[in-house]
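The file protein-v4.cif contains mmCIF, C-alpha atoms:
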data_coords
loop_
_atom_site.group_PDB
_atom_site.id
_atom_site.type_symbol
_atom_site.label_atom_id
_atom_site.label_comp_id
_atom_site.auth_asym_id
_atom_site.auth_seq_id
_atom_site.Cartn_x
_atom_site.Cartn_y
_atom_site.Cartn_z
ATOM 1 C CA MET A 1376 -12.592 -21.849 -35.135
ATOM 2 C CA LEU A 1377 -12.468 -25.548 -34.378
ATOM 3 C CA CYS A 1378 -11.980 -27.156 -30.974
ATOM 4 C CA GLU A 1379 -8.517 -28.361 -32.060
ATOM 5 C CA ASP A 1380 -7.420 -24.805 -32.840
ATOM 6 C CA VAL A 1381 -8.783 -23.370 -29.608
ATOM 7 C CA SER A 1382 -7.311 -26.247 -27.617
ATOM 8 C CA LEU A 1383 -3.831 -25.131 -28.690
ATOM 9 C CA LEU A 1384 -4.453 -21.744 -27.074
ATOM 10 C CA LEU A 1385 -6.000 -22.890 -23.806
ATOM 11 C CA ALA A 1386 -2.771 -23.942 -22.091
ATOM 12 C CA GLU A 1387 -1.518 -20.372 -22.493
ATOM 13 C CA ALA A 1388 -4.831 -18.787 -21.539
ATOM 14 C CA VAL A 1389 -4.144 -19.413 -17.834
ATOM 15 C CA GLU A 1390 -1.366 -16.818 -17.928
ATOM 16 C CA PRO A 1391 -2.486 -13.579 -16.240
ATOM 17 C CA LYS A 1392 -1.773 -11.253 -19.179
ATOM 18 C CA VAL A 1393 -2.848 -13.562 -22.001
ATOM 19 C CA GLU A 1394 -6.217 -12.921 -23.612
ATOM 20 C CA LEU A 1395 -7.823 -15.159 -26.202
ATOM 21 C CA SER A 1396 -8.476 -13.738 -29.638
ATOM 22 C CA LEU A 1397 -12.045 -12.765 -30.504
ATOM 23 C CA PRO A 1398 -12.700 -15.866 -32.683
ATOM 24 C CA ALA A 1399 -11.304 -18.128 -29.937
ATOM 25 C CA SER A 1400 -13.372 -16.374 -27.261
ATOM 26 C CA SER A 1401 -16.580 -16.665 -29.254
ATOM 27 C CA HIS A 1402 -15.897 -20.370 -29.862
ATOM 28 C CA LEU A 1403 -15.272 -20.844 -26.164
ATOM 29 C CA GLU A 1404 -18.590 -19.213 -25.261
ATOM 30 C CA SER A 1405 -20.496 -21.803 -27.217
ATOM 31 C CA CYS A 1406 -18.358 -24.929 -26.704
ATOM 32 C CA LEU A 1407 -18.763 -26.887 -23.473
ATOM 33 C CA ARG A 1408 -15.815 -29.154 -24.176
ATOM 34 C CA CYS A 1409 -13.382 -26.249 -24.599
ATOM 35 C CA GLN A 1410 -14.846 -24.561 -21.524
ATOM 36 C CA ALA A 1411 -14.231 -27.757 -19.551
ATOM 37 C CA GLU A 1412 -10.679 -27.951 -20.859
ATOM 38 C CA LEU A 1413 -9.974 -24.360 -19.816
ATOM 39 C CA VAL A 1414 -11.352 -25.081 -16.342
ATOM 40 C CA GLN A 1415 -9.017 -28.076 -16.058
ATOM 41 C CA TYR A 1416 -6.023 -25.953 -17.066
ATOM 42 C CA LYS A 1417 -6.970 -23.410 -14.411
ATOM 43 C CA LYS A 1418 -7.214 -26.182 -11.801
ATOM 44 C CA LEU A 1419 -3.775 -27.406 -12.826
ATOM 45 C CA SER A 1420 -2.374 -23.891 -12.606
ATOM 46 C CA ARG A 1421 -3.742 -23.423 -9.082
ATOM 47 C CA ALA A 1422 -2.420 -26.814 -7.996
ATOM 48 C CA LEU A 1423 1.061 -25.990 -9.303
ATOM 49 C CA GLN A 1424 1.032 -22.613 -7.559
ATOM 50 C CA GLY A 1425 0.125 -24.465 -4.365
ATOM 51 C CA LEU A 1426 3.387 -26.404 -4.560
ATOM 52 C CA ARG A 1427 5.285 -23.158 -3.995
ATOM 53 C CA SER A 1428 4.405 -23.249 -0.305
ATOM 54 C CA SER A 1429 5.729 -26.753 0.267
ATOM 55 C CA LEU A 1430 9.371 -27.516 0.892
ATOM 56 C CA ILE A 1431 11.198 -30.752 0.256
ATOM 57 C CA ASP A 1432 13.282 -31.563 3.308
ATOM 58 C CA PRO A 1433 16.964 -32.116 2.589
ATOM 59 C CA ALA A 1434 18.822 -34.774 4.590
ATOM 60 C CA PRO A 1435 19.592 -33.577 8.158
ATOM 61 C CA ASP A 1436 23.355 -33.477 7.562
ATOM 62 C CA PHE A 1437 23.032 -31.420 4.403
ATOM 63 C CA LEU A 1438 23.241 -27.933 5.903
ATOM 64 C CA ASN A 1439 26.457 -28.676 7.803
ATOM 65 C CA GLU A 1440 28.024 -30.268 4.728
ATOM 66 C CA LEU A 1441 27.032 -27.261 2.646
ATOM 67 C CA LEU A 1442 28.446 -24.775 5.164
ATOM 68 C CA ASP A 1443 31.676 -26.798 5.386
ATOM 69 C CA GLU A 1444 32.003 -26.624 1.613
ATOM 70 C CA LEU A 1445 31.463 -22.869 1.672
ATOM 71 C CA ARG A 1446 33.793 -22.147 4.612
ATOM 72 C CA PRO A 1447 36.924 -21.822 2.438
ATOM 73 C CA LEU A 1448 35.233 -18.804 0.844
ATOM 74 C CA ALA A 1449 35.639 -16.849 4.088
ATOM 75 C CA PRO A 1450 38.028 -13.916 3.517
ATOM 76 C CA ILE A 1451 41.203 -15.320 5.133
ATOM 77 C CA HIS A 1452 43.328 -12.195 4.578
ATOM 78 C CA LYS A 1453 40.815 -10.137 6.515
ATOM 79 C CA LEU A 1454 40.930 -12.591 9.411
ATOM 80 C CA HIS A 1455 44.733 -12.300 9.452
ATOM 81 C CA GLN A 1456 44.549 -8.527 9.315
ATOM 82 C CA GLY A 1457 42.066 -8.576 12.162
ATOM 83 C CA GLY A 1458 44.321 -10.879 14.187
ATOM 84 C CA ARG A 1459 47.338 -8.653 13.574
ATOM 85 C CA ARG A 1460 45.362 -5.595 14.620
ATOM 86 C CA ARG A 1461 44.336 -7.337 17.815
ATOM 87 C CA ALA A 1462 48.006 -8.248 18.472
ATOM 88 C CA TYR A 1463 49.093 -4.611 18.024
ATOM 89 C CA ILE A 1464 46.423 -3.367 20.388
ATOM 90 C CA GLY A 1465 47.326 -6.074 22.908
ATOM 91 C CA GLY A 1466 51.025 -5.175 22.661
ATOM 92 C CA ILE A 1467 50.365 -1.484 23.191
ATOM 93 C CA ALA A 1468 48.125 -2.242 26.158
ATOM 94 C CA ALA A 1469 50.758 -4.540 27.691
ATOM 95 C CA ALA A 1470 53.482 -1.919 27.228
ATOM 96 C CA ALA A 1471 51.296 0.773 28.758
ATOM 97 C CA THR A 1472 50.526 -1.459 31.719
ATOM 98 C CA ALA A 1473 54.211 -2.309 32.197
ATOM 99 C CA GLY A 1474 55.127 1.395 31.950
ATOM 100 C CA ALA A 1475 52.512 2.347 34.529
ATOM 101 C CA ALA A 1476 53.664 -0.417 36.880
ATOM 102 C CA GLY A 1477 57.294 0.708 36.497
ATOM 103 C CA ALA A 1478 56.344 4.298 37.234
ATOM 104 C CA ILE A 1479 54.504 3.209 40.381
ATOM 105 C CA VAL A 1480 57.526 1.169 41.568
ATOM 106 C CA ILE A 1481 59.934 4.070 40.923
ATOM 107 C CA ALA A 1482 57.628 6.541 42.633
ATOM 108 C CA SER A 1483 57.272 4.314 45.703
ATOM 109 C CA ARG A 1484 61.083 3.828 45.943
ATOM 110 C CA LEU A 1485 61.649 7.567 45.670
ATOM 111 C CA SER A 1486 59.164 8.272 48.405
ATOM 112 C CA LYS A 1487 60.823 5.592 50.647
ATOM 113 C CA GLN A 1488 64.260 7.217 50.062
ATOM 114 C CA ARG A 1489 62.840 10.632 50.982
ATOM 115 C CA LEU A 1490 61.322 9.252 54.163
ATOM 116 C CA ALA A 1491 64.629 7.519 55.071
ATOM 117 C CA SER A 1492 66.642 10.691 54.505
ATOM 118 C CA MET B 1294 11.950 -15.533 6.447
ATOM 119 C CA VAL B 1295 11.772 -11.771 6.988
ATOM 120 C CA SER B 1296 12.790 -9.762 3.948
ATOM 121 C CA SER B 1297 14.321 -6.911 5.948
ATOM 122 C CA ASN B 1298 16.461 -9.452 7.773
ATOM 123 C CA ILE B 1299 17.545 -10.882 4.433
ATOM 124 C CA ASP B 1300 18.323 -7.387 3.154
ATOM 125 C CA GLU B 1301 20.517 -6.673 6.175
ATOM 126 C CA LEU B 1302 22.325 -9.975 5.767
ATOM 127 C CA ILE B 1303 22.907 -9.250 2.093
ATOM 128 C CA ASP B 1304 24.398 -5.853 2.956
ATOM 129 C CA GLU B 1305 26.701 -7.399 5.552
ATOM 130 C CA ALA B 1306 27.671 -10.296 3.287
ATOM 131 C CA GLN B 1307 28.410 -7.851 0.466
ATOM 132 C CA GLY B 1308 30.759 -6.105 2.894
ATOM 133 C CA GLY B 1309 32.707 -9.332 3.356
ATOM 134 C CA ASP B 1310 31.029 -10.678 6.506
ATOM 135 C CA HIS B 1311 31.166 -14.450 6.034
ATOM 136 C CA ARG B 1312 28.939 -15.103 9.041
ATOM 137 C CA ALA B 1313 26.201 -13.039 7.401
ATOM 138 C CA PHE B 1314 26.679 -15.070 4.231
ATOM 139 C CA GLU B 1315 26.369 -18.308 6.204
ATOM 140 C CA GLU B 1316 23.201 -17.016 7.838
ATOM 141 C CA LEU B 1317 21.848 -16.176 4.405
ATOM 142 C CA VAL B 1318 22.557 -19.767 3.363
ATOM 143 C CA ARG B 1319 20.804 -21.086 6.492
ATOM 144 C CA LEU B 1320 17.695 -19.054 5.742
ATOM 145 C CA THR B 1321 17.435 -19.973 2.070
ATOM 146 C CA TYR B 1322 18.972 -23.410 1.567
ATOM 147 C CA ALA B 1323 15.755 -25.420 2.025
ATOM 148 C CA ASP B 1324 13.979 -23.368 -0.639
ATOM 149 C CA THR B 1325 16.971 -23.655 -2.955
ATOM 150 C CA TYR B 1326 17.169 -27.398 -2.355
ATOM 151 C CA THR B 1327 13.445 -27.776 -3.092
ATOM 152 C CA LEU B 1328 13.807 -26.033 -6.441
ATOM 153 C CA ALA B 1329 16.977 -27.991 -7.253
ATOM 154 C CA TYR B 1330 15.236 -31.258 -6.388
ATOM 155 C CA ARG B 1331 12.197 -30.383 -8.473
ATOM 156 C CA LEU B 1332 14.384 -29.560 -11.441
ATOM 157 C CA THR B 1333 16.769 -32.505 -11.230
ATOM 158 C CA GLY B 1334 14.436 -35.093 -9.677
ATOM 159 C CA ASN B 1335 17.469 -36.514 -7.922
ATOM 160 C CA GLU B 1336 18.774 -35.937 -4.394
ATOM 161 C CA GLU B 1337 22.449 -36.237 -5.235
ATOM 162 C CA ASP B 1338 22.230 -33.840 -8.169
ATOM 163 C CA ALA B 1339 20.106 -31.479 -6.115
ATOM 164 C CA ARG B 1340 22.853 -31.335 -3.461
ATOM 165 C CA ASP B 1341 25.480 -30.576 -6.102
ATOM 166 C CA VAL B 1342 23.252 -27.951 -7.676
ATOM 167 C CA VAL B 1343 22.699 -26.245 -4.310
ATOM 168 C CA GLN B 1344 26.408 -26.206 -3.566
ATOM 169 C CA GLU B 1345 27.244 -24.782 -6.985
ATOM 170 C CA THR B 1346 24.438 -22.253 -6.598
ATOM 171 C CA TYR B 1347 25.853 -20.822 -3.372
ATOM 172 C CA LEU B 1348 29.361 -20.725 -4.797
ATOM 173 C CA ARG B 1349 27.969 -18.601 -7.624
ATOM 174 C CA VAL B 1350 25.919 -16.530 -5.198
ATOM 175 C CA HIS B 1351 29.063 -15.798 -3.184
ATOM 176 C CA LYS B 1352 30.936 -14.864 -6.336
ATOM 177 C CA GLY B 1353 28.190 -12.614 -7.665
ATOM 178 C CA LEU B 1354 26.821 -11.183 -4.432
ATOM 179 C CA LYS B 1355 28.661 -7.875 -4.740
ATOM 180 C CA LYS B 1356 26.978 -7.313 -8.095
ATOM 181 C CA PHE B 1357 23.532 -8.068 -6.712
ATOM 182 C CA ARG B 1358 21.425 -4.920 -6.515
ATOM 183 C CA SER B 1359 19.154 -4.651 -3.525
ATOM 184 C CA ASP B 1360 16.259 -3.312 -5.625
ATOM 185 C CA ALA B 1361 15.920 -6.786 -7.171
ATOM 186 C CA GLN B 1362 14.257 -9.649 -5.314
ATOM 187 C CA PHE B 1363 16.891 -11.890 -3.758
ATOM 188 C CA SER B 1364 14.715 -15.013 -4.007
ATOM 189 C CA THR B 1365 14.197 -14.459 -7.749
ATOM 190 C CA TRP B 1366 17.918 -13.963 -8.238
ATOM 191 C CA LEU B 1367 18.601 -17.134 -6.261
ATOM 192 C CA HIS B 1368 16.026 -19.101 -8.280
ATOM 193 C CA ARG B 1369 17.597 -17.941 -11.528
ATOM 194 C CA ILE B 1370 21.043 -19.068 -10.429
ATOM 195 C CA THR B 1371 19.648 -22.390 -9.187
ATOM 196 C CA SER B 1372 17.839 -23.035 -12.457
ATOM 197 C CA ASN B 1373 20.961 -22.171 -14.425
ATOM 198 C CA CYS B 1374 23.056 -24.597 -12.358
ATOM 199 C CA ALA B 1375 20.385 -27.285 -12.656
ATOM 200 C CA SER B 1376 20.234 -26.765 -16.392
ATOM 201 C CA THR B 1377 23.985 -27.375 -16.588
ATOM 202 C CA PHE B 1378 23.576 -30.586 -14.608
ATOM 203 C CA LEU B 1379 20.653 -31.750 -16.707
ATOM 204 C CA SER B 1380 22.526 -31.166 -19.925
ATOM 205 C CA ARG B 1381 25.549 -33.045 -18.567
ATOM 206 C CA ARG B 1382 23.550 -35.978 -17.362
ATOM 207 C CA SER B 1383 23.316 -38.675 -19.963
ATOM 208 C CA ARG B 1384 21.076 -41.117 -18.171
ATOM 209 C CA ASN B 1385 17.317 -40.795 -18.361
ATOM 210 C CA THR B 1386 15.704 -39.064 -15.405
ATOM 211 C CA HIS B 1387 12.633 -41.276 -15.484
ATOM 212 C CA ASP B 1388 14.438 -43.867 -13.387
ATOM 213 C CA PRO B 1389 12.605 -44.337 -10.114
ATOM 214 C CA LEU B 1390 13.977 -42.183 -7.331
ATOM 215 C CA PRO B 1391 15.691 -43.986 -4.447
ATOM 216 C CA GLU B 1392 13.180 -42.733 -1.912
ATOM 217 C CA ASP B 1393 10.265 -40.345 -1.749
ATOM 218 C CA PRO B 1394 11.249 -36.918 -0.480
ATOM 219 C CA VAL B 1395 9.675 -35.631 2.708
ATOM 220 C CA ILE B 1396 7.519 -32.627 1.888
ATOM 221 C CA GLU B 1397 7.039 -30.041 4.583
ATOM 222 C CA ASP B 1398 3.969 -27.841 4.324
ATOM 223 C CA LEU B 1399 4.642 -24.182 5.106
ATOM 224 C CA ASN B 1400 0.925 -23.428 5.507
ATOM 225 C CA PRO B 1401 -0.641 -26.460 7.176
ATOM 226 C CA GLN B 1402 -4.440 -26.489 7.254
ATOM 227 C CA ARG B 1403 -6.228 -27.498 10.435
ATOM 228 C CA ASP B 1404 -8.963 -29.535 8.777
ATOM 229 C CA PRO B 1405 -7.496 -33.075 8.456
ATOM 230 C CA GLU B 1406 -9.772 -34.054 5.565
ATOM 231 C CA HIS B 1407 -8.859 -30.949 3.624
ATOM 232 C CA GLN B 1408 -5.213 -31.523 4.461
ATOM 233 C CA ALA B 1409 -5.448 -35.112 3.223
ATOM 234 C CA ASP B 1410 -6.936 -33.908 -0.073
ATOM 235 C CA ILE B 1411 -4.133 -31.389 -0.482
ATOM 236 C CA GLU B 1412 -1.506 -34.010 0.314
ATOM 237 C CA SER B 1413 -3.058 -36.392 -2.177
ATOM 238 C CA LEU B 1414 -3.112 -33.742 -4.901
ATOM 239 C CA ARG B 1415 0.473 -32.727 -4.160
ATOM 240 C CA SER B 1416 1.587 -36.308 -4.310
ATOM 241 C CA GLN B 1417 -0.126 -36.829 -7.676
ATOM 242 C CA LEU B 1418 1.284 -33.585 -8.967
ATOM 243 C CA THR B 1419 4.798 -34.444 -7.807
ATOM 244 C CA ASP B 1420 4.550 -37.834 -9.501
ATOM 245 C CA ALA B 1421 3.256 -36.249 -12.691
ATOM 246 C CA LEU B 1422 6.087 -33.701 -12.679
ATOM 247 C CA ARG B 1423 8.635 -36.463 -12.153
ATOM 248 C CA GLY B 1424 7.125 -38.272 -15.114
ATOM 249 C CA LEU B 1425 7.865 -35.360 -17.420
ATOM 250 C CA PRO B 1426 11.092 -35.229 -19.424
ATOM 251 C CA PRO B 1427 13.582 -32.911 -17.646
ATOM 252 C CA LYS B 1428 13.418 -30.252 -20.362
ATOM 253 C CA LEU B 1429 9.652 -29.943 -20.069
ATOM 254 C CA ARG B 1430 9.709 -30.242 -16.297
ATOM 255 C CA ALA B 1431 12.181 -27.369 -15.948
ATOM 256 C CA VAL B 1432 10.004 -24.812 -17.737
ATOM 257 C CA VAL B 1433 6.767 -25.730 -15.997
ATOM 258 C CA VAL B 1434 8.423 -25.740 -12.568
ATOM 259 C CA LEU B 1435 10.068 -22.359 -13.140
ATOM 260 C CA ARG B 1436 7.019 -20.731 -14.700
ATOM 261 C CA ASP B 1437 4.051 -22.216 -12.850
ATOM 262 C CA ILE B 1438 5.537 -22.883 -9.419
ATOM 263 C CA TYR B 1439 8.246 -20.221 -9.127
ATOM 264 C CA ASP B 1440 6.630 -17.612 -11.374
ATOM 265 C CA LEU B 1441 9.773 -16.746 -13.315
ATOM 266 C CA PRO B 1442 9.106 -14.722 -16.486
ATOM 267 C CA HIS B 1443 9.481 -16.475 -19.855
ATOM 268 C CA GLU B 1444 12.494 -14.330 -20.669
ATOM 269 C CA ALA B 1445 14.334 -15.337 -17.491
ATOM 270 C CA ILE B 1446 13.506 -19.014 -18.011
ATOM 271 C CA ALA B 1447 14.796 -18.925 -21.571
ATOM 272 C CA SER B 1448 17.935 -17.126 -20.466
ATOM 273 C CA GLU B 1449 18.748 -19.499 -17.593
ATOM 274 C CA LEU B 1450 18.009 -22.644 -19.592
ATOM 275 C CA GLY B 1451 19.950 -21.389 -22.606
ATOM 276 C CA ILE B 1452 17.047 -21.598 -25.047
ATOM 277 C CA SER B 1453 14.969 -19.105 -27.008
ATOM 278 C CA GLU B 1454 11.866 -17.593 -25.479
ATOM 279 C CA SER B 1455 9.684 -19.212 -28.118
ATOM 280 C CA ALA B 1456 11.234 -22.631 -27.383
ATOM 281 C CA ALA B 1457 10.511 -22.058 -23.693
ATOM 282 C CA LYS B 1458 6.880 -21.288 -24.507
ATOM 283 C CA VAL B 1459 6.540 -24.378 -26.689
ATOM 284 C CA ARG B 1460 7.974 -26.554 -23.926
ATOM 285 C CA LEU B 1461 5.663 -24.943 -21.397
ATOM 286 C CA HIS B 1462 2.650 -25.619 -23.584
ATOM 287 C CA ARG B 1463 3.612 -29.277 -23.970
ATOM 288 C CA ALA B 1464 4.332 -29.687 -20.286
ATOM 289 C CA ARG B 1465 1.011 -28.173 -19.233
ATOM 290 C CA LYS B 1466 -0.882 -30.267 -21.757
ATOM 291 C CA ARG B 1467 0.699 -33.499 -20.527
ATOM 292 C CA LEU B 1468 0.100 -32.629 -16.894
ATOM 293 C CA ARG B 1469 -3.490 -31.626 -17.617
ATOM 294 C CA GLN B 1470 -4.130 -34.828 -19.550
ATOM 295 C CA ARG B 1471 -2.694 -36.908 -16.754
ATOM 296 C CA LEU B 1472 -4.244 -35.133 -13.772
ATOM 297 C CA TYR B 1473 -7.401 -33.608 -15.198
ATOM 298 C CA PRO B 1474 -8.301 -35.656 -18.263
ATOM 299 C CA LEU B 1475 -11.359 -34.846 -20.327
ATOM 300 C CA ALA B 1476 -13.739 -37.544 -21.501
ATOM 301 C CA GLY B 1477 -11.960 -39.716 -24.051
ATOM 302 C CA GLU B 1478 -8.451 -38.728 -23.007
ATOM 303 C CA MET B 1479 -7.882 -41.525 -20.497
ATOM 304 C CA THR B 1480 -6.357 -43.939 -23.013
ATOM 305 C CA SER B 1481 -4.166 -41.352 -24.677
ATOM 306 C CA VAL B 1482 -2.744 -40.307 -21.301
ATOM 307 C CA ASP B 1483 -0.995 -43.627 -20.865
ATOM 308 C CA GLU B 1484 0.489 -43.298 -24.325
ATOM 309 C CA SER B 1485 1.761 -39.776 -23.728
ATOM 310 C CA ASP B 1486 3.371 -40.769 -20.439
ATOM 311 C CA LYS B 1487 5.773 -43.226 -21.976
ATOM 312 C CA PRO B 1488 8.986 -41.604 -20.843
ATOM 313 C CA ALA B 1489 11.797 -42.532 -23.201
ATOM 314 C CA SER B 1490 10.171 -41.393 -26.410
ATOM 315 C CA GLU B 1491 8.964 -38.177 -24.807
ATOM 316 C CA GLY B 1492 12.448 -37.158 -23.846
ATOM 317 C CA ALA B 1493 13.573 -37.608 -27.416
ATOM 318 C CA HIS B 1494 10.841 -35.343 -28.732
ATOM 319 C CA ALA B 1495 11.254 -32.593 -26.185
ATOM 320 C CA VAL B 1496 12.064 -29.214 -27.698
#
Show me, as structure tokens, the structure contained in the file I just sent.
Amino acid sequence: MLCEDVSLLLAEAVEPKVELSLPASSHLESCLRCQAELVQYKKLSRALQGLRSSLIDPAPDFLNELLDELRPLAPIHKLHQGGRRRAYIGGIAAAATAGAAGAIVIASRLSKQRLAS
Amino acid sequence: MVSSNIDELIDEAQGGDHRAFEELVRLTYADTYTLAYRLTGNEEDARDVVQETYLRVHKGLKKFRSDAQFSTWLHRITSNCASTFLSRRSRNTHDPLPEDPVIEDLNPQRDPEHQADIESLRSQLTDALRGLPPKLRAVVVLRDIYDLPHEAIASELGISESAAKVRLHRARKRLRQRLYPLAGEMTSVDESDKPASEGAHAV
């Protein structure tokens, strides 16, 4: 194989599961230029992988803008259902409290009448 | 970002808890923005891509299966949205960017000299990536930085797997020639970096 032919394969040879064919491998063993090219591809691959750990900072206001845009997606019907449920529970609690208070008032009046009689 | 935390948030968000969804956005938006920026090379487009990405995430979250990696799923959606933007955009992306993005290192080294070398390399690499035509840049970013499989890249960019591999080969070759040139390649690097004609020849 010629350097030009092997060169076409070297960019793919950095992939973990890719293996060079036997003719390409034997050319590579004896060709310093192709060896150097493969080393450079491996350096490039490592450098690109290194970029994975770096983040590009968005503008400071971006998160709030994004969340504002997404807020309409909140399930409104569920919020209403939740609110209604809370209102029912509150109503029942208020009625129970009023009932208990009424019972106490009636009981105290009855006991006063008994004492008076 | 703790994966178990993410998993819990996904479960809650799938159950309709919008606060959990918002928390999921908070934990992942910087990573999503970084990918969007790398693919579009443009802050404004990156913002639009991120917004569209999370709209799609919200829509498709109930179908997301917890045995898959959430970050991979998110990257696929981001790349698909970016691809739509890139195909819509008529102007050439080799225009200089309005300002250099601030890059935050997630794993800072303590040795300042070593750190300076890394910063220098990253800066050169970022410049070289920006110099690539968008179609070539997309495949090399998704494959070599985000480790997406060829099949997923082809699917999200709407091209065949073989076309994705051809683009990847070209992208790597151009980056290698620019950043790690062999003897005798220095002059040809300048030629291959002329942007307008490259875009026209991209697969």
Hey, which bits of chain A sit within 9 Å of chain B, and for each residue what's the closest pair of atoms and how far apart in Å (one decimal), counting only C-alpha atoms, rows by chain and increasing number, as JSON lines?
{"residue": "A:Leu1383", "atom": "CA", "partner": "B:His1462", "partner_atom": "CA", "distance": 8.3}
{"residue": "A:Leu1384", "atom": "CA", "partner": "B:His1462", "partner_atom": "CA", "distance": 8.8}
{"residue": "A:Ala1386", "atom": "CA", "partner": "B:His1462", "partner_atom": "CA", "distance": 5.9}
{"residue": "A:Glu1387", "atom": "CA", "partner": "B:His1462", "partner_atom": "CA", "distance": 6.8}
{"residue": "A:Arg1408", "atom": "CA", "partner": "B:Leu1475", "partner_atom": "CA", "distance": 8.2}
{"residue": "A:Ala1411", "atom": "CA", "partner": "B:Leu1475", "partner_atom": "CA", "distance": 7.7}
{"residue": "A:Glu1412", "atom": "CA", "partner": "B:Leu1475", "partner_atom": "CA", "distance": 6.9}
{"residue": "A:Gln1415", "atom": "CA", "partner": "B:Tyr1473", "partner_atom": "CA", "distance": 5.8}
{"residue": "A:Tyr1416", "atom": "CA", "partner": "B:Arg1469", "partner_atom": "CA", "distance": 6.2}
{"residue": "A:Lys1418", "atom": "CA", "partner": "B:Tyr1473", "partner_atom": "CA", "distance": 8.2}
{"residue": "A:Leu1419", "atom": "CA", "partner": "B:Arg1469", "partner_atom": "CA", "distance": 6.4}
{"residue": "A:Ser1420", "atom": "CA", "partner": "B:Asp1437", "partner_atom": "CA", "distance": 6.6}
{"residue": "A:Arg1421", "atom": "CA", "partner": "B:Asp1437", "partner_atom": "CA", "distance": 8.7}
{"residue": "A:Ala1422", "atom": "CA", "partner": "B:Arg1415", "partner_atom": "CA", "distance": 7.6}
{"residue": "A:Leu1423", "atom": "CA", "partner": "B:Ile1438", "partner_atom": "CA", "distance": 5.4}
{"residue": "A:Gln1424", "atom": "CA", "partner": "B:Ile1438", "partner_atom": "CA", "distance": 4.9}
{"residue": "A:Gly1425", "atom": "CA", "partner": "B:Ile1438", "partner_atom": "CA", "distance": 7.6}
{"residue": "A:Leu1426", "atom": "CA", "partner": "B:Ile1438", "partner_atom": "CA", "distance": 6.4}
{"residue": "A:Arg1427", "atom": "CA", "partner": "B:Ile1438", "partner_atom": "CA", "distance": 5.4}
{"residue": "A:Ser1428", "atom": "CA", "partner": "B:Leu1399", "partner_atom": "CA", "distance": 5.5}
{"residue": "A:Ser1429", "atom": "CA", "partner": "B:Asp1398", "partner_atom": "CA", "distance": 4.6}
{"residue": "A:Leu1430", "atom": "CA", "partner": "B:Glu1397", "partner_atom": "CA", "distance": 5.0}
{"residue": "A:Ile1431", "atom": "CA", "partner": "B:Ile1396", "partner_atom": "CA", "distance": 4.4}
{"residue": "A:Asp1432", "atom": "CA", "partner": "B:Val1395", "partner_atom": "CA", "distance": 5.5}
{"residue": "A:Pro1433", "atom": "CA", "partner": "B:Ala1323", "partner_atom": "CA", "distance": 6.8}
{"residue": "A:Phe1437", "atom": "CA", "partner": "B:Arg1340", "partner_atom": "CA", "distance": 7.9}
{"residue": "A:Leu1438", "atom": "CA", "partner": "B:Arg1319", "partner_atom": "CA", "distance": 7.3}
{"residue": "A:Leu1441", "atom": "CA", "partner": "B:Gln1344", "partner_atom": "CA", "distance": 6.3}
{"residue": "A:Leu1442", "atom": "CA", "partner": "B:Glu1315", "partner_atom": "CA", "distance": 6.9}
{"residue": "A:Glu1444", "atom": "CA", "partner": "B:Gln1344", "partner_atom": "CA", "distance": 7.6}
{"residue": "A:Leu1445", "atom": "CA", "partner": "B:Leu1348", "partner_atom": "CA", "distance": 7.1}
{"residue": "A:Arg1446", "atom": "CA", "partner": "B:His1311", "partner_atom": "CA", "distance": 8.3}
{"residue": "A:Leu1448", "atom": "CA", "partner": "B:His1311", "partner_atom": "CA", "distance": 7.9}
{"residue": "A:Ala1449", "atom": "CA", "partner": "B:His1311", "partner_atom": "CA", "distance": 5.4}
{"residue": "A:Pro1450", "atom": "CA", "partner": "B:Gly1309", "partner_atom": "CA", "distance": 7.0}
{"residue": "A:Lys1453", "atom": "CA", "partner": "B:Gly1309", "partner_atom": "CA", "distance": 8.7}
Q: Check what the PyMOL selection byres ((chain B and resi 1362) around 12) selects in the file above and give those residues as a list in words.
A: Ser1296, Ser1297, Ile1299, Asp1300, Ile1303, Phe1357, Arg1358, Ser1359, Asp1360, Ala1361, Phe1363, Ser1364, Thr1365, Trp1366, Leu1367, His1368, Arg1369 and Leu1441 of chain B
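Atom CA of A:Cys1409 to atom CA of B:Lys1428 spans 27.4 Å [interatomic distance, one decimal].
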Q. Using the chain letters and numbers from the file, which residues does the PyMOL selection byres ((chain B and resi 1377) around 12) grab, as an MDAnalysis selection string?
A. chainID B and resid 1329 1332:1333 1338:1339 1341:1342 1345:1346 1370:1376 1378:1383 1427:1428 1431 1449:1451
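Between atom CA of A:Pro1398 and atom CA of B:Ser1455 the interatomic distance comes to 23.1 Å.
This file, filtered with the PyMOL selection byres ((chain A and resi 1378) around 9), gives the residues Met1376, Leu1377, Glu1379, Asp1380, Val1381, Ser1382, Leu1383, His1402, Leu1403, Cys1406, Arg1408 and Cys1409 of chain A.
In this structure, atom CA of B:Leu1302 sits 27.5 Å away from atom CA of B:Ser1448.
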Put a box with edges along x, y and z around all the listed atoms of stretch 1333-1349 of chain B, pad it by 6 Å on each side, then give me its centre and sizes in Å, one decimal, as AutoDock Vina command-line options.
--center_x 21.9 --center_y -27.6 --center_z -7.3 --size_x 26.9 --size_y 29.9 --size_z 19.9
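Candidate residues B:Arg1467, B:Arg1460, B:His1407, B:Lys1356 were compared for distance to B:Val1432, and the nearest is B:Arg1460, using all atoms listed in the file.
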